[in-house]
Every structure is written in structure tokens, then in C-alpha cells.
file data22.cif (mmCIF, C-alpha atoms)
data_structure
#
loop_
_atom_site.label_atom_id
_atom_site.label_comp_id
_atom_site.auth_asym_id
_atom_site.auth_seq_id
_atom_site.Cartn_x
_atom_site.Cartn_y
_atom_site.Cartn_z
CA MET A 1 107.32 207.64 15.48
CA LEU A 2 104.04 205.77 14.83
CA ASN A 3 102.48 208.18 12.40
CA GLU A 4 104.22 211.52 12.09
CA GLN A 5 101.30 213.24 10.37
CA LEU A 6 98.87 212.20 13.10
CA VAL A 7 101.23 213.39 15.80
CA ILE A 8 101.71 216.73 14.01
CA GLN A 9 97.96 217.17 13.66
CA GLY A 10 97.41 216.29 17.33
CA CYS A 11 100.12 218.72 18.43
CA ARG A 12 98.52 221.47 16.35
CA GLN A 13 95.30 220.88 18.32
CA LEU A 14 97.27 220.91 21.59
CA ASP A 15 96.40 217.27 22.22
CA SER A 16 98.41 216.04 25.22
CA VAL A 17 98.67 212.44 23.94
CA ALA A 18 100.23 213.61 20.69
CA GLN A 19 102.51 215.96 22.61
CA LYS A 20 103.65 213.11 24.86
CA HIS A 21 104.37 210.95 21.86
CA LEU A 22 106.41 213.69 20.21
CA TYR A 23 108.28 214.36 23.43
CA HIS A 24 109.19 210.69 24.00
CA HIS A 25 110.46 210.40 20.48
CA PHE A 26 112.56 213.58 20.26
CA ALA A 27 113.54 214.40 23.86
CA PRO A 28 116.87 212.44 23.91
CA THR A 29 118.03 213.98 20.62
CA MET A 30 117.06 217.46 21.76
CA LEU A 31 118.79 216.96 25.10
CA ARG A 32 122.01 216.11 23.22
CA VAL A 33 121.70 219.40 21.33
CA CYS A 34 121.05 221.34 24.53
CA LEU A 35 123.93 219.63 26.36
CA ARG A 36 126.39 221.14 23.88
CA TYR A 37 125.23 224.66 24.69
CA ALA A 38 124.63 224.30 28.42
CA SER A 39 127.17 224.30 31.18
CA SER A 40 125.58 221.34 33.03
CA HIS A 41 123.04 218.54 32.64
CA ASP A 42 120.39 220.42 34.69
CA ASP A 43 120.91 223.54 32.67
CA ALA A 44 120.47 221.52 29.48
CA GLN A 45 117.21 220.03 30.75
CA ASN A 46 115.88 223.49 31.56
CA ILE A 47 116.73 224.72 28.08
CA MET A 48 115.09 221.65 26.56
CA GLN A 49 111.90 222.12 28.57
CA ASP A 50 111.67 225.77 27.60
CA GLY A 51 112.26 224.74 24.02
CA PHE A 52 109.46 222.15 24.09
CA VAL A 53 107.06 224.68 25.64
CA LYS A 54 107.82 226.97 22.70
CA VAL A 55 107.35 224.06 20.30
CA PHE A 56 103.93 223.09 21.65
CA LEU A 57 102.64 226.65 21.89
CA ASN A 58 103.80 227.52 18.36
CA PHE A 59 103.17 224.24 16.64
CA LYS A 60 100.78 225.92 14.21
CA ARG A 61 103.77 227.71 12.73
CA TYR A 62 105.28 224.45 11.55
CA GLU A 63 104.18 224.22 7.94
CA GLY A 64 105.57 220.73 7.33
CA LYS A 65 108.01 221.90 4.66
CA GLY A 66 111.30 220.82 6.30
CA SER A 67 111.96 217.88 8.58
CA LEU A 68 110.30 218.03 11.98
CA GLU A 69 113.57 217.14 13.70
CA GLY A 70 115.38 220.00 11.99
CA TRP A 71 112.63 222.43 13.04
CA LEU A 72 112.80 221.21 16.62
CA LYS A 73 116.61 221.46 16.68
CA ARG A 74 116.41 225.02 15.38
CA ILE A 75 114.04 225.96 18.19
CA MET A 76 116.29 224.29 20.79
CA ILE A 77 119.35 226.17 19.53
CA ASN A 78 117.47 229.47 19.52
CA THR A 79 116.24 228.77 23.06
CA ALA A 80 119.81 228.00 24.15
CA ILE A 81 121.00 231.30 22.62
CA THR A 82 118.19 233.18 24.37
CA HIS A 83 119.10 231.42 27.61
CA TYR A 84 122.74 232.41 27.18
CA LYS A 85 121.83 236.05 26.50
CA LYS A 86 119.57 236.13 29.52
CA ASN A 87 122.11 234.62 31.89
CA LYS A 88 125.23 236.30 30.59
CA ASN A 89 126.87 237.64 33.71
CA TRP A 90 128.43 241.01 34.15
CA ASN A 91 132.00 239.74 34.55
CA GLU A 92 131.82 237.97 31.23
CA GLN A 93 130.48 241.09 29.60
CA LEU A 94 133.35 243.13 31.01
CA ARG A 95 135.83 240.58 29.79
CA ASN A 96 134.28 240.73 26.33
CA ASN A 97 134.80 244.46 26.17
CA ASN A 98 138.45 244.12 27.13
CA GLU A 99 139.01 241.14 24.88
CA GLU A 100 142.32 241.04 23.10
CA ARG A 101 142.07 240.85 19.40
CA ASP A 102 145.36 239.35 18.39
CA ILE A 103 144.82 238.79 14.68
CA ASP A 104 148.22 237.08 14.24
CA GLU A 105 147.29 234.51 16.87
CA ILE A 106 143.98 233.82 15.16
CA ILE A 107 145.66 233.37 11.77
CA ARG A 108 148.26 231.05 13.31
CA ILE A 109 145.59 228.91 14.98
CA GLU A 110 143.46 228.78 11.84
CA ASN A 111 146.43 227.71 9.69
CA ASN A 112 147.57 224.95 12.04
CA GLU A 113 144.15 223.90 13.14
CA ASP A 114 144.01 220.39 11.80
CA ASP A 115 147.30 219.25 13.33
CA THR A 116 145.78 218.27 16.66
CA TRP A 117 142.26 217.30 15.72
CA GLU A 118 143.26 213.71 15.11
CA LYS A 119 143.55 213.36 18.86
CA TYR A 120 139.81 213.81 19.24
CA LEU A 121 139.13 210.54 17.51
CA ASP A 122 140.37 208.51 20.43
CA ILE A 123 138.55 210.45 23.09
CA GLU A 124 135.29 209.35 24.72
CA PRO A 125 132.20 211.44 23.76
CA SER A 126 131.35 212.06 27.43
CA ILE A 127 134.87 213.41 28.11
CA LEU A 128 134.64 215.60 25.04
CA LEU A 129 131.34 216.95 26.29
CA GLU A 130 132.81 217.59 29.74
CA THR A 131 135.66 219.47 28.11
CA ILE A 132 133.17 221.63 26.22
CA HIS A 133 131.30 222.24 29.48
CA THR A 134 134.46 223.61 31.09
CA LEU A 135 134.64 226.41 28.51
CA PRO A 136 133.31 229.82 29.52
CA SER A 137 129.87 230.32 28.00
CA VAL A 138 131.04 233.09 25.64
CA PHE A 139 133.57 230.72 24.04
CA ARG A 140 131.28 227.69 24.15
CA MET A 141 128.59 229.50 22.22
CA VAL A 142 130.89 230.51 19.39
CA PHE A 143 132.52 227.06 19.32
CA ASN A 144 129.15 225.29 19.03
CA MET A 145 127.73 227.69 16.49
CA TYR A 146 130.81 227.45 14.32
CA PHE A 147 131.52 223.72 14.45
CA MET A 148 128.17 222.12 15.28
CA GLU A 149 125.84 224.38 13.29
CA ASN A 150 128.37 225.25 10.58
CA MET A 151 127.66 228.97 10.85
CA LYS A 152 129.97 231.62 9.45
CA HIS A 153 131.56 234.26 11.69
CA LYS A 154 129.34 236.91 10.16
CA GLU A 155 126.17 235.02 11.18
CA ILE A 156 127.53 234.31 14.67
CA ALA A 157 128.43 237.97 15.12
CA GLU A 158 124.93 239.02 14.10
CA ILE A 159 123.19 236.55 16.40
CA LEU A 160 125.38 237.24 19.44
CA GLN A 161 125.56 240.98 18.67
CA ILE A 162 129.34 241.08 18.58
CA ASP A 163 131.74 241.91 15.78
CA GLU A 164 133.32 239.35 13.51
CA VAL A 165 136.84 239.73 14.92
CA THR A 166 135.54 239.03 18.42
CA SER A 167 133.85 235.91 17.13
CA ARG A 168 137.12 234.73 15.54
CA THR A 169 139.10 235.49 18.69
CA ARG A 170 136.64 233.61 20.85
CA LEU A 171 136.71 230.61 18.57
CA GLY A 172 140.51 230.58 18.59
CA ARG A 173 140.58 230.75 22.37
CA ALA A 174 137.98 228.03 22.72
CA ARG A 175 139.92 225.68 20.47
CA LYS A 176 143.13 226.38 22.30
CA MET A 177 141.47 225.65 25.65
CA ILE A 178 139.97 222.40 24.39
CA GLN A 179 143.29 221.28 22.96
CA GLN A 180 145.05 221.97 26.24
CA LYS A 181 142.41 220.03 28.17
CA ILE A 182 142.62 217.05 25.81
CA GLU A 183 146.41 217.07 25.93
CA GLU A 184 146.23 217.04 29.70
CA LEU A 185 143.84 214.12 29.61
CA VAL A 186 146.01 212.19 27.13
CA ALA A 187 149.11 212.86 29.24
CA ASN A 188 147.34 211.60 32.36
CA GLN A 189 146.27 208.42 30.61
CA MET B 1 141.63 220.40 0.47
CA LYS B 2 138.62 219.94 2.68
CA ASN B 3 137.47 222.87 4.81
CA PRO B 4 138.85 222.41 8.35
CA GLN B 5 135.54 223.58 9.76
CA ASP B 6 133.75 220.74 7.96
CA LYS B 7 136.36 218.21 9.07
CA LEU B 8 136.15 219.05 12.73
CA SER B 9 132.42 219.54 12.54
CA LYS B 10 131.96 216.03 11.17
CA LEU B 11 134.22 214.65 13.86
CA LEU B 12 132.39 216.41 16.65
CA HIS B 13 129.01 215.36 15.31
CA GLN B 14 130.15 211.76 15.18
CA LYS B 15 131.16 211.95 18.80
CA LEU B 16 128.39 214.04 20.29
CA ASP B 17 125.35 212.88 18.31
CA ASN B 18 125.73 209.37 19.61
CA LEU B 19 126.16 210.42 23.18
CA ASP B 20 124.26 208.34 25.73
CA VAL B 21 121.78 210.43 27.65
CA ASN B 22 120.00 209.04 30.65
CA MET B 23 116.68 210.67 31.16
CA ASN B 24 113.28 209.69 32.46
CA THR B 25 111.01 211.07 29.78
CA ASN B 26 107.82 210.39 31.79
CA SER B 27 108.76 212.52 34.78
CA THR B 28 110.25 215.28 32.64
CA PHE B 29 107.11 215.31 30.50
CA ASP B 30 104.95 215.76 33.63
CA ALA B 31 107.08 218.73 34.64
CA LEU B 32 106.77 220.05 31.11
CA GLN B 33 102.98 219.73 31.21
CA ILE B 34 102.82 221.88 34.37
CA LYS B 35 105.03 224.50 32.72
CA LEU B 36 102.96 224.34 29.56
CA SER B 37 99.62 224.77 31.35
CA LEU B 38 100.98 227.85 33.12
CA GLN B 39 102.30 229.26 29.87
CA LYS B 40 99.01 228.51 28.11
CA PHE B 41 97.14 230.53 30.70
CA PHE B 42 99.16 233.67 29.96
CA TYR B 43 99.70 232.97 26.29
CA PHE B 44 98.10 235.44 23.91
CA HIS B 45 99.67 235.83 20.51
CA PRO B 46 96.95 235.95 17.84
CA ARG B 47 98.64 235.97 14.44
CA HIS B 48 95.49 236.32 12.36
CA PHE B 49 92.44 238.53 12.68
CA ASN B 50 90.03 236.82 15.01
CA ILE B 51 86.49 238.19 15.33
CA TYR B 52 86.18 236.85 18.88
CA TYR B 53 89.35 238.58 20.15
CA ALA B 54 88.48 241.72 18.18
CA THR B 55 85.00 241.86 19.77
CA VAL B 56 86.35 241.33 23.27
CA ILE B 57 89.07 243.96 22.86
CA LEU B 58 86.72 246.49 21.23
CA THR B 59 84.00 245.99 23.86
CA SER B 60 86.41 246.39 26.74
CA LEU B 61 87.87 249.49 25.07
CA VAL B 62 84.43 251.08 24.63
CA VAL B 63 83.40 250.23 28.20
CA ASN B 64 86.64 251.66 29.59
CA VAL B 65 86.34 254.85 27.58
CA GLY B 66 82.70 255.23 28.65
CA LEU B 67 83.60 254.74 32.28
CA GLY B 68 86.40 257.24 31.95
CA ILE B 69 84.11 259.89 30.45
CA GLN B 70 81.50 259.25 33.14
CA TYR B 71 84.14 259.60 35.84
CA PHE B 72 85.37 262.95 34.53
CA LYS B 73 81.80 264.23 34.17
CA ASN B 74 81.02 263.31 37.75
CA GLN B 75 84.20 264.97 38.94
CA LYS B 76 83.28 268.21 37.16
CA ALA B 77 79.73 268.19 38.56
CA ILE B 78 81.04 267.63 42.08
CA GLU B 79 83.53 270.48 41.71
CA LYS B 80 80.79 272.81 40.47
CA GLU B 81 78.52 271.90 43.37
CA ILE B 82 81.30 272.46 45.90
CA LEU B 83 82.05 275.91 44.41
CA ALA B 84 78.36 276.90 44.57
CA MET B 85 78.11 275.74 48.18
CA ASN B 86 81.25 277.66 49.13
CA ALA B 87 79.87 280.84 47.55
CA LYS B 88 76.57 280.39 49.43
CA ILE B 89 78.39 279.88 52.72
CA ASP B 90 80.49 283.00 52.08
CA ARG B 91 77.37 285.07 51.40
CA GLN B 92 75.67 283.79 54.54
CA GLN B 93 78.76 284.52 56.63
CA LEU B 94 78.93 288.07 55.30
CA ALA B 95 75.25 288.69 56.03
CA TYR B 96 75.63 287.28 59.53
CA GLN B 97 78.65 289.48 60.21
CA GLN B 98 76.76 292.55 59.02
CA LEU B 99 73.78 291.69 61.23
CA LEU B 100 76.05 291.15 64.19
CA GLN B 101 77.75 294.47 63.58
CA ASN B 102 74.40 296.31 63.37
CA THR B 103 73.13 294.64 66.52
CA ASN B 104 76.32 295.55 68.37
CA LEU B 105 76.03 299.14 67.22
CA SER B 106 72.40 299.49 68.35
CA THR B 107 73.12 297.73 71.66
CA ASN B 108 76.08 299.99 72.31
CA ALA B 109 74.06 303.07 71.46
CA LEU B 110 71.28 301.99 73.83
CA ASN B 111 73.72 301.20 76.60
CA ASN B 112 75.41 304.56 76.18
CA ARG B 113 72.11 306.38 76.35
CA VAL B 114 70.99 304.45 79.44
CA GLU B 115 74.32 305.13 81.11
CA LYS B 116 74.19 308.78 80.18
CA VAL B 117 70.68 309.23 81.56
CA SER B 118 71.41 307.36 84.75
CA ARG B 119 74.57 309.42 85.34
CA GLN B 120 72.79 312.67 84.74
CA LYS B 121 69.72 311.99 86.81
CA VAL B 122 70.74 309.68 89.63
CA LYS B 123 73.02 311.88 91.67
CA PRO B 124 74.22 310.80 95.06
CA SER B 125 73.50 314.25 96.46
CA ILE B 126 69.78 313.74 95.88
CA ILE B 127 69.71 310.64 98.07
CA SER B 128 71.30 311.95 101.21
CA LYS B 129 70.64 311.55 104.88
CA ASN B 130 69.11 314.95 105.44
CA THR B 131 66.57 314.95 102.59
CA GLN B 132 62.93 314.38 103.23
CA SER B 133 61.64 310.98 102.10
CA ASN B 134 58.66 312.44 100.22
CA GLY B 135 60.80 314.82 98.29
CA VAL B 136 63.20 311.97 97.41
CA ILE B 137 60.41 309.79 96.13
CA LYS B 138 59.05 312.61 93.99
CA GLU B 139 62.47 313.25 92.61
CA LYS B 140 62.94 309.56 91.96
CA ILE B 141 59.64 309.27 90.16
CA LYS B 142 60.60 312.16 87.98
CA ILE B 143 63.94 310.59 87.12
CA GLU B 144 62.24 307.29 86.57
CA LYS B 145 59.80 308.78 84.13
CA GLU B 146 62.59 310.34 82.16
CA LEU B 147 64.44 307.08 82.20
CA MET B 148 61.37 305.18 81.02
CA ALA B 149 60.84 307.68 78.26
CA ALA B 150 64.43 307.25 77.18
CA LEU B 151 64.11 303.49 77.31
CA GLN B 152 60.90 303.51 75.32
CA GLY B 153 62.57 305.68 72.73
CA ALA B 154 65.38 303.16 72.49
CA ASP B 155 62.91 300.30 72.31
CA SER B 156 61.10 301.81 69.35
CA SER B 157 64.32 301.67 67.29
CA SER B 158 64.83 297.99 68.14
CA THR B 159 62.55 295.05 67.41
CA LYS B 160 58.84 295.26 68.01
CA ILE B 161 57.36 293.28 70.87
CA ALA B 162 54.91 290.80 69.51
CA SER B 163 53.63 288.79 72.41
CA THR B 164 50.45 289.81 74.18
CA GLN B 165 52.10 289.64 77.60
CA GLU B 166 54.66 292.18 76.59
CA ARG B 167 51.91 294.35 75.12
CA LYS B 168 50.09 294.22 78.43
CA ALA B 169 53.23 295.25 80.19
CA GLU B 170 53.46 298.22 77.89
CA GLU B 171 49.87 299.18 78.55
CA THR B 172 50.46 299.12 82.31
CA PRO B 173 53.77 300.87 82.73
CA THR B 174 55.78 300.08 85.83
CA LYS B 175 57.82 302.33 88.03
CA THR B 176 60.90 301.62 90.04
CA LEU B 177 60.44 302.01 93.79
CA TYR B 178 63.41 303.12 95.76
CA ILE B 179 63.48 302.31 99.46
CA VAL B 180 65.79 304.56 101.31
CA LYS B 181 67.16 303.37 104.59
CA GLN B 182 69.44 305.12 107.08
CA ASP B 183 72.37 305.27 104.74
CA THR B 184 72.28 305.48 100.96
CA ILE B 185 71.30 301.88 100.28
CA ILE B 186 68.90 301.71 97.40
CA GLN B 187 66.66 298.72 96.78
CA TYR B 188 64.14 298.84 94.00
CA ASP B 189 61.36 296.81 92.54
CA SER B 190 59.06 297.31 89.61
CA ILE B 191 55.44 298.03 90.47
CA PRO B 192 52.61 299.07 88.13
CA LEU B 193 52.35 302.80 87.71
CA ILE B 194 48.99 304.11 88.91
CA PRO B 195 47.80 307.53 87.77
CA ARG B 196 47.76 310.25 90.46
CA LYS B 197 44.07 310.75 90.35
CA ALA B 198 43.36 307.07 90.92
CA ARG B 199 45.86 307.03 93.77
CA LYS B 200 44.18 309.99 95.52
CA LYS B 201 40.87 308.25 95.38
#
call {"tool": "encode", "arguments": {"input": "data22.cif", "output": "C-alpha cells"}}
result
Amino acid sequence: MLNEQLVIQGCRQLDSVAQKHLYHHFAPTMLRVCLRYASSHDDAQNIMQDGFVKVFLNFKRYEGKGSLEGWLKRIMINTAITHYKKNKNWNEQLRNNNEERDIDEIIRIENNEDDTWEKYLDIEPSILLETIHTLPSVFRMVFNMYFMENMKHKEIAEILQIDEVTSRTRLGRARKMIQQKIEELVANQ
Amino acid sequence: MKNPQDKLSKLLHQKLDNLDVNMNTNSTFDALQIKLSLQKFFYFHPRHFNIYYATVILTSLVVNVGLGIQYFKNQKAIEKEILAMNAKIDRQQLAYQQLLQNTNLSTNALNNRVEKVSRQKVKPSIISKNTQSNGVIKEKIKIEKELMAALQGADSSSTKIASTQERKAEETPTKTLYIVKQDTIIQYDSIPLIPRKARKK
């Protein structure tokens, strides 16, 4: 960015030139963040646009203490979570209520978790992203929050308004699904 | 041993943070501007006390409360007026009904009296074939006088006659003339009553 302080000042005054400059600079990074949480590219763009609207309308709240990128990412993730909560369909909600909570399975997955992760190193980022997109949104959310944002199960449970065990179960299922998909892809290659 | 979460997290970040994204930032920014202008129009989240917003809100509140009070006052006044008008109409209706009843009573009484007199005095036997015409006329005049007296008595109880024409008619009383033909057909007309003395002359 040319001059971050000038851009920040312009954005605080709702100056469209400054806003455009900020958007051009951060939009690709923010789209990458949104793509992890969305189920498609269009969905990700919608989330990103909503996020930028929030950013520009609330720019006065940015006090300049942390990095601007970090602040923007935080807003994008929160927007994605809001989007997920808004669009959570009824079938998914029903499934959540009847979710099996096999603790033994979770412990087994957590203990053997790093045995297959080496396989991810060879995979293309776009294929990995596609695999994440195939996950049901309830699993994708927990997976992203746990691995990409390094949140604990307690935090995830609070944000998504579920209990900790459900969060663990969902994460276990998500990992299992991704592993299966990658194994299929490797076998096909 | 490193935390497996950190290990996988690092791996995923390496992969996904360098992902190629194809996007036209110009067109998406234009779309964003439209969305933003719409949001700006409806956006109202003052976080600090603002004298301008406070004045606007307070003024509108005062105006609305004033209008509300005025409205309720008007409604009460209208209700009061309607009640007063209804009471007036009720009183007038009652008075009219009483007047109508009194009028009916006096009319009935008069009619009864007239009928009674006419039944008593006008007897078919008087006007017969064999009677002399002079005698009939005398008898008729007598009946007529009684009838007139009865009518005048009834008139005195009713409204007074104000017009001069009616007064004149009173001053020159009329009598009913009966013309008797072969059978008992009676035809009458009102003619001014002339005293006997004047008639003889």
C-alpha cells in the first residue's frame, strides 16, 4: 500500500478513493479467507463484499493498535460465521440434534491424527480447497475455526452455540471426510 | 512433541494462503460501492452523544407527543358535542311526540262531538217525502244553529284565528242551506246568515 496511514485516514472520512485503494490491496487476501468458509466462489465473494461494507461503515472503530490486515481478517471471519448462522438450513440443524457423540472415535482420531497428514503436502492447494468445499457447512466451520484460526473447542462451542463434545465430533468427522477424499484422489492419480 | 493442531494448521496455511484467486477488483468494487451507498442511507449507529442527533430526536419526540395530545383532546371535544346534540334531539323528539298526542286527542274529541251532534240532530225521519218544505227548513236551521254553537265551542278550545279574513267570517256567520228534492237527497252550501228582522224587511 502507498501510505497506510493516509489510506486509513481517508477510509475514516469515508473517502471513496481511499476505500478503493484499500480494497485493491486487501481484496485477494480477504477472498482467500472467505473461500475457506464458503461453499463456493460466489458465496465467498458475497461474504467478502458484506465484510468490506462492514469495514467501511465501521472504520472509525479501528484504533490502529493491531495490524490492519489482522483486523480485516477478523471482520471477514465474523461475517462468514454470521453468514453461516443465517443460512444454516433446517436439515442440518436436525442432524446436529441427532449427532452421534462417539467419544472413543474422537479419541482414536485425535491420537492417530498425524499419520495421514503427510499426504496433504503433495496435494494442489486448489484441490485441497475443493475438498474443503465438499464438506457440509457445519463440519467446515469447525474445521476452519480449529485449524485455520487455531481456536480451542471451548471458543468454537461458544461462537457456534454448541457444546464442546459436538465441536470435537464435528471436527473428527470433517477430518475423516477430508482424508477419505484425498485418499480417493491419490488412488485415482 | 509439537501440537498436531499447530502442525496441520501450518500445513494448511502454507497451502491455502498462497492460493491463486482470479478476481476483477474494479468490477467488484463498483458492486461494493452500490451496496455501500444503500447501507449508508439506512445506517444509523451513533456511538457517542451527538448534539445534532439528540436535537432531532428530542424535537420529533416533542412534536409527536404534542400531536398526540391534540388528537385526544379533539376526540374528547367531538364526543362531548355529539352527546349534547343527541340529548337535544331526544328532547325535541319527546316534545314533538307530546304535541302530536295532544293534537290527536283534541282532534278526536272534536270529531266525536261533531259526530254526536250530527247523529242526534240530523234524523232521516225529519227529511221525509211528506213533510212540508218550510217546516223542514226551520228544523234544519235550528239544527244548524246548534251545530254551529257546538263547533264554535270546539273552536274556542283550539287555536285562535288570527287572520282578518277569518275574523270577518266569524262576524258574519254562515248557515248551511239544504235543498230537498223529491227523494232525500241533500245538497248544501254555506251562505251568510241574515237576521230575521232584516230578512222580513
call {"tool": "atom_distance", "arguments": {"input": "data22.cif", "atom1": "CA of Asn188 (chain A)", "atom2": "CA of Asp20 (chain B)"}}
result
24.2 Å
call {"tool": "residues_around", "arguments": {"input": "data22.cif", "residues": "Lys40 (chain B)", "least_positions_apart": "4", "cutoff": "10 Å", "atoms": "all atoms listed in the file", "output": "PyMOL selection string"}}
result
(chain A and resi 53+56-57) or (chain B and resi 34-36+44)
call {"tool": "write_last_selection", "arguments": {"input": "data22.cif", "atoms": "C-alpha atoms", "output": "PDB file, in the coordinates of the input"}}
result
ATOM      1  CA  VAL A  53     107.060 224.680  25.640  1.00  0.00           C
ATOM      2  CA  PHE A  56     103.930 223.090  21.650  1.00  0.00           C
ATOM      3  CA  LEU A  57     102.640 226.650  21.890  1.00  0.00           C
TER       4      LEU A  57
ATOM      5  CA  ILE B  34     102.820 221.880  34.370  1.00  0.00           C
ATOM      6  CA  LYS B  35     105.030 224.500  32.720  1.00  0.00           C
ATOM      7  CA  LEU B  36     102.960 224.340  29.560  1.00  0.00           C
ATOM      8  CA  PHE B  44      98.100 235.440  23.910  1.00  0.00           C
TER       9      PHE B  44
END
call {"tool": "interface_residues", "arguments": {"input": "data22.cif", "of": "chain A", "to": "chain B", "cutoff": "10 Å", "atoms": "all atoms listed in the file", "output": "ChimeraX atom specification"}}
result
/A:16,19-20,23-29,31-33,35-36,41,45-46,48-50,52-54,56-58,61,110-114,117-118,120-126,128-129,144,146-152
call {"tool": "resolve_selection", "arguments": {"input": "data22.cif", "expression": "the PyMOL selection byres ((chain A and resi 74) around 12)", "output": "count of residues only"}}
result
26
call {"tool": "axis_aligned_box", "arguments": {"input": "data22.cif", "around": "region 24-43 of chain A", "padding_each_side": "3 Å", "output": "JSON"}}
result
{"center_x": 118.2, "center_y": 217.5, "center_z": 27.5, "size_x": 24.0, "size_y": 20.3, "size_z": 20.4}
call {"tool": "resolve_selection", "arguments": {"input": "data22.cif", "expression": "the PyMOL selection byres ((chain A and resi 173-185) around 7)", "output": "ChimeraX atom specification"}}
result
/A:131,135,139-140,143,169-172,186-189
call {"tool": "write_last_selection", "arguments": {"input": "data22.cif", "atoms": "C-alpha atoms", "output": "tab-separated table (two decimals), in the frame of the given file"}}
result
chain	number	residue	atom	x	y	z
A	131	THR	CA	135.66	219.47	28.11
A	135	LEU	CA	134.64	226.41	28.51
A	139	PHE	CA	133.57	230.72	24.04
A	140	ARG	CA	131.28	227.69	24.15
A	143	PHE	CA	132.52	227.06	19.32
A	169	THR	CA	139.10	235.49	18.69
A	170	ARG	CA	136.64	233.61	20.85
A	171	LEU	CA	136.71	230.61	18.57
A	172	GLY	CA	140.51	230.58	18.59
A	186	VAL	CA	146.01	212.19	27.13
A	187	ALA	CA	149.11	212.86	29.24
A	188	ASN	CA	147.34	211.60	32.36
A	189	GLN	CA	146.27	208.42	30.61
call {"tool": "closest_residue", "arguments": {"input": "data22.cif", "among": "A:Ser39, A:Asn3, A:Thr82, A:Thr166", "to": "Val142 (chain A)", "atoms": "all atoms listed in the file"}}
result
A:Thr166
call {"tool": "atom_distance", "arguments": {"input": "data22.cif", "atom1": "CA of Glu115 (chain B)", "atom2": "CA of Glu139 (chain B)"}}
result
18.4 Å
call {"tool": "residues_around", "arguments": {"input": "data22.cif", "residues": "Lys60 (chain A)", "least_positions_apart": "3", "cutoff": "10 Å", "atoms": "all atoms listed in the file", "output": "PyMOL selection string"}}
result
chain A and resi 8-9+11-14+55-57+63-64
call {"tool": "atom_distance", "arguments": {"input": "data22.cif", "atom1": "CA of Tyr96 (chain B)", "atom2": "CA of Ile82 (chain B)"}}
result
20.9 Å
call {"tool": "residues_around", "arguments": {"input": "data22.cif", "residues": "Gln161 (chain A)", "least_positions_apart": "6", "cutoff": "10 Å", "atoms": "all atoms listed in the file", "output": "PyMOL selection string"}}
result
chain A and resi 85+155+167
call {"tool": "write_last_selection", "arguments": {"input": "data22.cif", "atoms": "C-alpha atoms", "output": "mmCIF file, in the frame of the given file"}}
result
data_model
loop_
_atom_site.group_PDB
_atom_site.id
_atom_site.type_symbol
_atom_site.label_atom_id
_atom_site.label_comp_id
_atom_site.auth_asym_id
_atom_site.auth_seq_id
_atom_site.Cartn_x
_atom_site.Cartn_y
_atom_site.Cartn_z
ATOM 1 C CA LYS A 85 121.830 236.050 26.500
ATOM 2 C CA GLU A 155 126.170 235.020 11.180
ATOM 3 C CA SER A 167 133.850 235.910 17.130
#
